[in-house]
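Have a look at the structure below, then the notes.
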Amino acid sequence: MSLSPFEVSSAALAPEEGQSAEALDAAGSIEGRSPLRLALARLRSDRMAWVAAGMILLMVALALIAPLLSSITGHSPYNPDLVNGTDTFGQPYGPGQAGFLLGTDNVGRDILVRIAYGARISLLVGILSTLLATVGGTALGLISGYYGGWIDALLARLMDAVLSFPYVLAAIVLAAVFGGSLPLTIGVIAFFSWAAIGRIVRGQTLSQKEKEYVEAARSIGAGSFRIMFVDILPNLIAPVIVLGTLLVPVAIVFEATLDYLGVGVGPPTPTWGNMLADDQGSAGFGAWWFWVFPSVALLITTLGFNLLGDSVRDALDPRTERLFANRRKKVVVGAEPNPLSRADSKRLGGGTEAP
Amino acid sequence: MTRFIIRRIVQGIVTLWVIVSLVFVLFFMTSPDPARLLAGKEATLTQVATIRAALGLNHPLWQQYLDYLGRLIHGNLGESYKLHEPVTSLLGQWVQVDISLAVGAGIIWLAMGLSVGILAARRPRSVWDRSATVFVLTGLSTPTFILGLLLLYVFFYILTTHGIAIFPGAGNYTPFLTNPAQWAHDLILPWLTLALITAATYARLSRSSLLEVLGEDYIRTARAKGLSERRIVYRHALRAAITPIVTQFGIDLATVLGGAIITETVFGLPGLGQNVVSAIAREDLPVIQGIVLVAAAFIVVANIVVDAIYAVLDPRVRLS
C-alpha cells in the first residue's frame, strides 16, 4: 500500500526551493512533518499505546517460544499424559505442583504449554482473517462507491445481507457442513467481517470521488483502477487502519467462541477456546486453573489490541476522542457517520457483542 | 416519510430474499439427503423414494427453490424432521426464552451503559471518566462465554459450595407466566452476562455522543441563560445525544431476539440459539432454516424501525 500522499504532503510542507535548510533552522523555523510522522509521534507519546504493545508482545513472545517451552519442560501440548501429568489418584495437578507452573488439565497436559500453543492459533487467526477482511472490504467498498449504479446496488445489498446474517449461526452451520478446520475458521471470520469495512470505505469513497483531485486525475487521463487505488485509497487509509486494528480482537474472540461451541479448530489442537470448552465439560468448576489461565491469556490479547486500536485512532485522528467537548468539530447533520467512531465497530460483525 | 418507509421495506424484503436464497443453497445443496434423514435408519429404498416424492425432492433444483419460496410466502416453514412438529409452532415456543432474555438484559444494559456514559461525559478526563474507559475496554475485550463462566463460578459455584445457594446454576428456566418471580430468579445471571458486555458499548456510545452535543452552540446558549447544569445535560443535551443509542439499542435487541447462542449455551436456556445448535447437530434442516430466517428478519425489521424512530427523534434528519 502506497503511503505516497503522506510524502507528497511532507514535500509540500518542506522548505521552499532556494532557501537552504540551515538558513531556516537558523531562523528558528518550524520543521515540516508528514501526517504519518505526526501520527507516529503522537502514538509514541501515548502511554496506553506502550502498555498495549507490551501486552501484545507478551503474547507474541509466548507464541514464539511455545516449542521451546514444550521441549524444556518435556510436556507435549497434544498428548494426554496420565502418568506424569496427574497425581497418584489420577487428579490433575494444581498450579505450581510437580513442576507444572499453571497446573495440568484432566488428562495431564501442561496448561502453560497449551496456552503458549493456543497463542499461535489466536494470533494467526486474528491477524490473517483481519488482513483478508480488510483487503477484501476495502477493495469491494471502493468499487461499490466509485462505480455506483447496479454494481453499487448489488454490493451494498450484499453488505447489508452479510451484516444482518446471524454470523455465529452461519459459522456453526458451515462448520457442521464442511467440518471445522483452521482455514475454514479464518475464512468464515473474514467473510463476516469484510462488510463492515466495506460499508465504511464505500461511504467515504462516495464523498471522495466528488472532490477536485479525482477530477484532476481523470483529466490527465488516469484510469478508474488508478483513481480508485492510487488516488482515493490513500485518503481512506486512516479509518481502514483503525478499523483493522479494532477487528483483530473481534476476530480473536470470534475464533475462541467458535472453538468453545465446538465448531472451530477442533480438538486436539490446543486453542484457548478448546481449552475452555474441555474444561467446562469435564471437570466442572472445582479445578479453577483449567479455565482461569486460558481466559486471562485471551483477555490480555484482546485488551491489548483494543487499547492499541484506541491509541491508533487517537493518533490518526486527534479530533475523535480524549479532547474536550468544546474543541470538537461541528457535526454535519445527515452526513456519513464518523468512520472512526466506535459505534460502527460494534457492527464489525463483532464478536465481543452479546450472543 | 411514507415513501422512505416503503423503500426501506422493499430493501428489507430484498435483503431477506438474499439471505433465504443463501440458506437454501447452503443447506439443501451441501447436506445429506433430507428424505433419508426423515425416513429414519430402517427405511427401505422405496420408503425413501416415496418421501422424496412427497417432499418434491425429485424435482429439478430450480423448481424446488420456487416451491420453497412459495411455501415461505404462505408462512409455511415445514415440519421438523426429528421433532415432527411444525417449525412455526416450535419457533413460537423457543422465541419466548429469547424475549425474556432480551427484555431483562436490555433494561439492565441500557440503564448501566447510559449512566456510566453520562457520568463520564459530564466530567471528561476525571477519575470517573477514566474508570468508565476501563469498564468499556474490559467489556469490549471479554468474550461472552468467559463472563458467563465467571458469573456461574462466583455466584453459583463458590456461593453454593459455601452453603449460600442464592443463584441457580445452568439449565434452569421457568416461563414468565408460570411464576414471574422464579422466572427473574433463573434469568438474573444470563441477563447480567449479556448486559455487562453490551453495556460497555452503550457507555462509550453515550459518552461520545453526549460530549459531541455538549460542544454545540445551543448548549452554550442554555448555559448563558443560566440554566442549571443538570437541566442542560438531562433536558437539552441528552435528547439530542440519545438518537445513536436508540439506533444501537434496536439492532442489539433484535440480535438477542434472534437467539443468544452463547449465553443460552452457557446457561442451558432452551431458546432459539441453543435449539439451532442442536438442530444443526441432528441435521434438522427445516428448523435450521426457520431459525436463520427469523433471526435475520428481526435484524432487518429492527433496521427499518430504527431509521423511522431516528427521524421522529431528530427532526433535523431528513429522510431521503
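In the C-alpha cells, chains take letters A, B, ... by order of appearance, with residues numbered from 1 within each chain and ligands from 1 in the order shown.
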Any chance you could tabulate, as a tab-separated table, the residues of chain B at most 7 Å from chain A with each one's nearest atom pair and distance in Å to one decimal, using only C-alpha atoms, in chain and rising number order?
```
residue	atom	partner	partner_atom	distance
B:Thr15	CA	A:Ala161	CA	5.4
B:Val18	CA	A:Ala161	CA	6.8
B:Ile19	CA	A:Ala161	CA	6.4
B:Thr30	CA	A:Val177	CA	6.7
B:Ser31	CA	A:Val177	CA	6.5
B:Leu137	CA	A:Leu303	CA	6.8
B:Thr138	CA	A:Leu303	CA	6.8
B:Leu140	CA	A:Thr352	CA	5.8
B:Ser141	CA	A:Thr302	CA	5.1
B:Thr142	CA	A:Leu299	CA	6.2
B:Pro143	CA	A:Thr352	CA	5.3
B:Thr144	CA	A:Ala354	CA	6.3
B:Ile146	CA	A:Ser295	CA	6.7
B:Tyr153	CA	A:Phe285	CA	6.5
B:Tyr157	CA	A:Phe285	CA	6.9
B:Leu194	CA	A:Ala354	CA	5.4
B:Ile197	CA	A:Ala354	CA	6.6
B:Thr198	CA	A:Glu353	CA	6.1
B:Leu205	CA	A:Ala343	CA	6.0
B:Leu211	CA	A:Ala325	CA	5.2
B:Glu212	CA	A:Ala325	CA	6.1
B:Leu214	CA	A:Ala325	CA	6.3
B:Gly215	CA	A:Asn326	CA	4.3
B:Val256	CA	A:Pro355	CA	6.4
B:Ala260	CA	A:Pro355	CA	4.0
B:Ile261	CA	A:Pro355	CA	5.3
B:Ile262	CA	A:Pro355	CA	5.2
B:Thr263	CA	A:Pro355	CA	6.1
B:Ile280	CA	A:Val173	CA	6.5
B:Val292	CA	A:Pro166	CA	6.9
B:Ala295	CA	A:Pro166	CA	6.5
B:Ala296	CA	A:Phe165	CA	5.7
B:Ile299	CA	A:Ser164	CA	5.9
B:Val300	CA	A:Ser164	CA	6.6
B:Arg316	CA	A:Val333	CA	6.9
B:Val317	CA	A:Gly334	CA	5.8
```
- [ ] Could you pull out the residues in range 63-163 of chain A that DSSP calls alpha helix (DSSP H) from the backbone, as an NGL selection string?
- [x] :A and (63-64 or 66-73 or 111-147 or 149-163)
Open item on the list: Ranking A:Asp46, A:Ile197, A:Ser71, A:Arg202 by minimum distance to Ile151 in chain A and counting only C-alpha atoms, which one comes first?
Closed with: A:Arg202
Task: For Ser181 in chain A: contacts at 9 Å, only C-alpha atoms, fewer than 3 positions along chain excluded, given as an NGL selection string - done: :A and (175 or 178 or 184-186 or 263-266)
Task: Two-atom distance - CA of Asn172 in chain B, CA of Thr265 in chain B (Å) - done: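 Here the two named atoms are 11.9 Å from each other.
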TODO: Compile the contact shell of Met48 in chain A as number ranges by chain: residues with an atom at most 9 Å away, counting only C-alpha atoms, same-chain residues fewer than 3 positions apart removed.
DONE: A: 43, 45, 51-53, 307-308, 310-311
Selection file, N, CA and C atoms, as a short mmCIF file (atom, residue, chain, number, x, y, z; two decimals), in the first residue's frame:
```cif
data_model
loop_
_atom_site.label_atom_id
_atom_site.label_comp_id
_atom_site.auth_asym_id
_atom_site.auth_seq_id
_atom_site.Cartn_x
_atom_site.Cartn_y
_atom_site.Cartn_z
N LEU A 43 1.54 8.60 18.67
CA LEU A 43 1.42 7.23 19.16
C LEU A 43 2.53 6.94 20.17
N SER A 45 4.05 8.98 22.09
CA SER A 45 3.93 9.70 23.36
C SER A 45 2.71 9.24 24.15
N VAL A 51 1.60 0.36 26.80
CA VAL A 51 1.04 -0.75 27.59
C VAL A 51 0.45 -1.80 26.65
N ALA A 52 -0.32 -1.31 25.66
CA ALA A 52 -0.96 -2.23 24.71
C ALA A 52 0.08 -3.03 23.94
N ALA A 53 1.11 -2.33 23.47
CA ALA A 53 2.16 -3.02 22.72
C ALA A 53 2.83 -4.07 23.59
N LEU A 307 -6.81 -1.65 23.21
CA LEU A 307 -6.10 -0.45 23.66
C LEU A 307 -5.30 0.14 22.51
N LEU A 308 -4.62 -0.74 21.78
CA LEU A 308 -3.81 -0.26 20.66
C LEU A 308 -4.69 0.42 19.62
N ASP A 310 -7.52 1.93 20.06
CA ASP A 310 -7.90 3.24 20.57
C ASP A 310 -6.79 4.26 20.37
N SER A 311 -5.56 3.83 20.71
CA SER A 311 -4.43 4.76 20.60
C SER A 311 -4.17 5.11 19.14
#
```
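Within the 9 Å cut-off around Leu110 in chain B, using only C-alpha atoms and omitting residues fewer than 6 positions from it on the same chain, the listed residues are Ala195, Thr198, Ala199, Tyr202, Ala203, Ile245 and Phe249 of chain B.
Taking CA of Ile158 in chain B and CA of Leu112 in chain A as the two end points, the separation is 24.8 Å.
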- [ ] Compile the contact shell of Pro244 in chain B as a ChimeraX atom specification: residues with an atom at most 8 Å away, counting only C-alpha atoms, same-chain residues fewer than 3 positions apart removed.
- [x] /B:205,209,241,247-248
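Proximity to Gly309 in chain A at 7 Å, evaluated using only C-alpha atoms and with sequence-adjacent residues fewer than 6 positions away removed, yields Val242, Thr245 and Leu246 of chain A.
Note that the spacing between CA of Gly169 in chain B and CA of Phe156 in chain B amounts to 5.7 Å.
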Task: Top pick for closest residue to Ile232 in chain B, considering B:Arg122, B:Ala49, B:Asn58, B:Ala281 and counting only C-alpha atoms - done: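 So, comparing all the options, the nearest one is B:Arg122.
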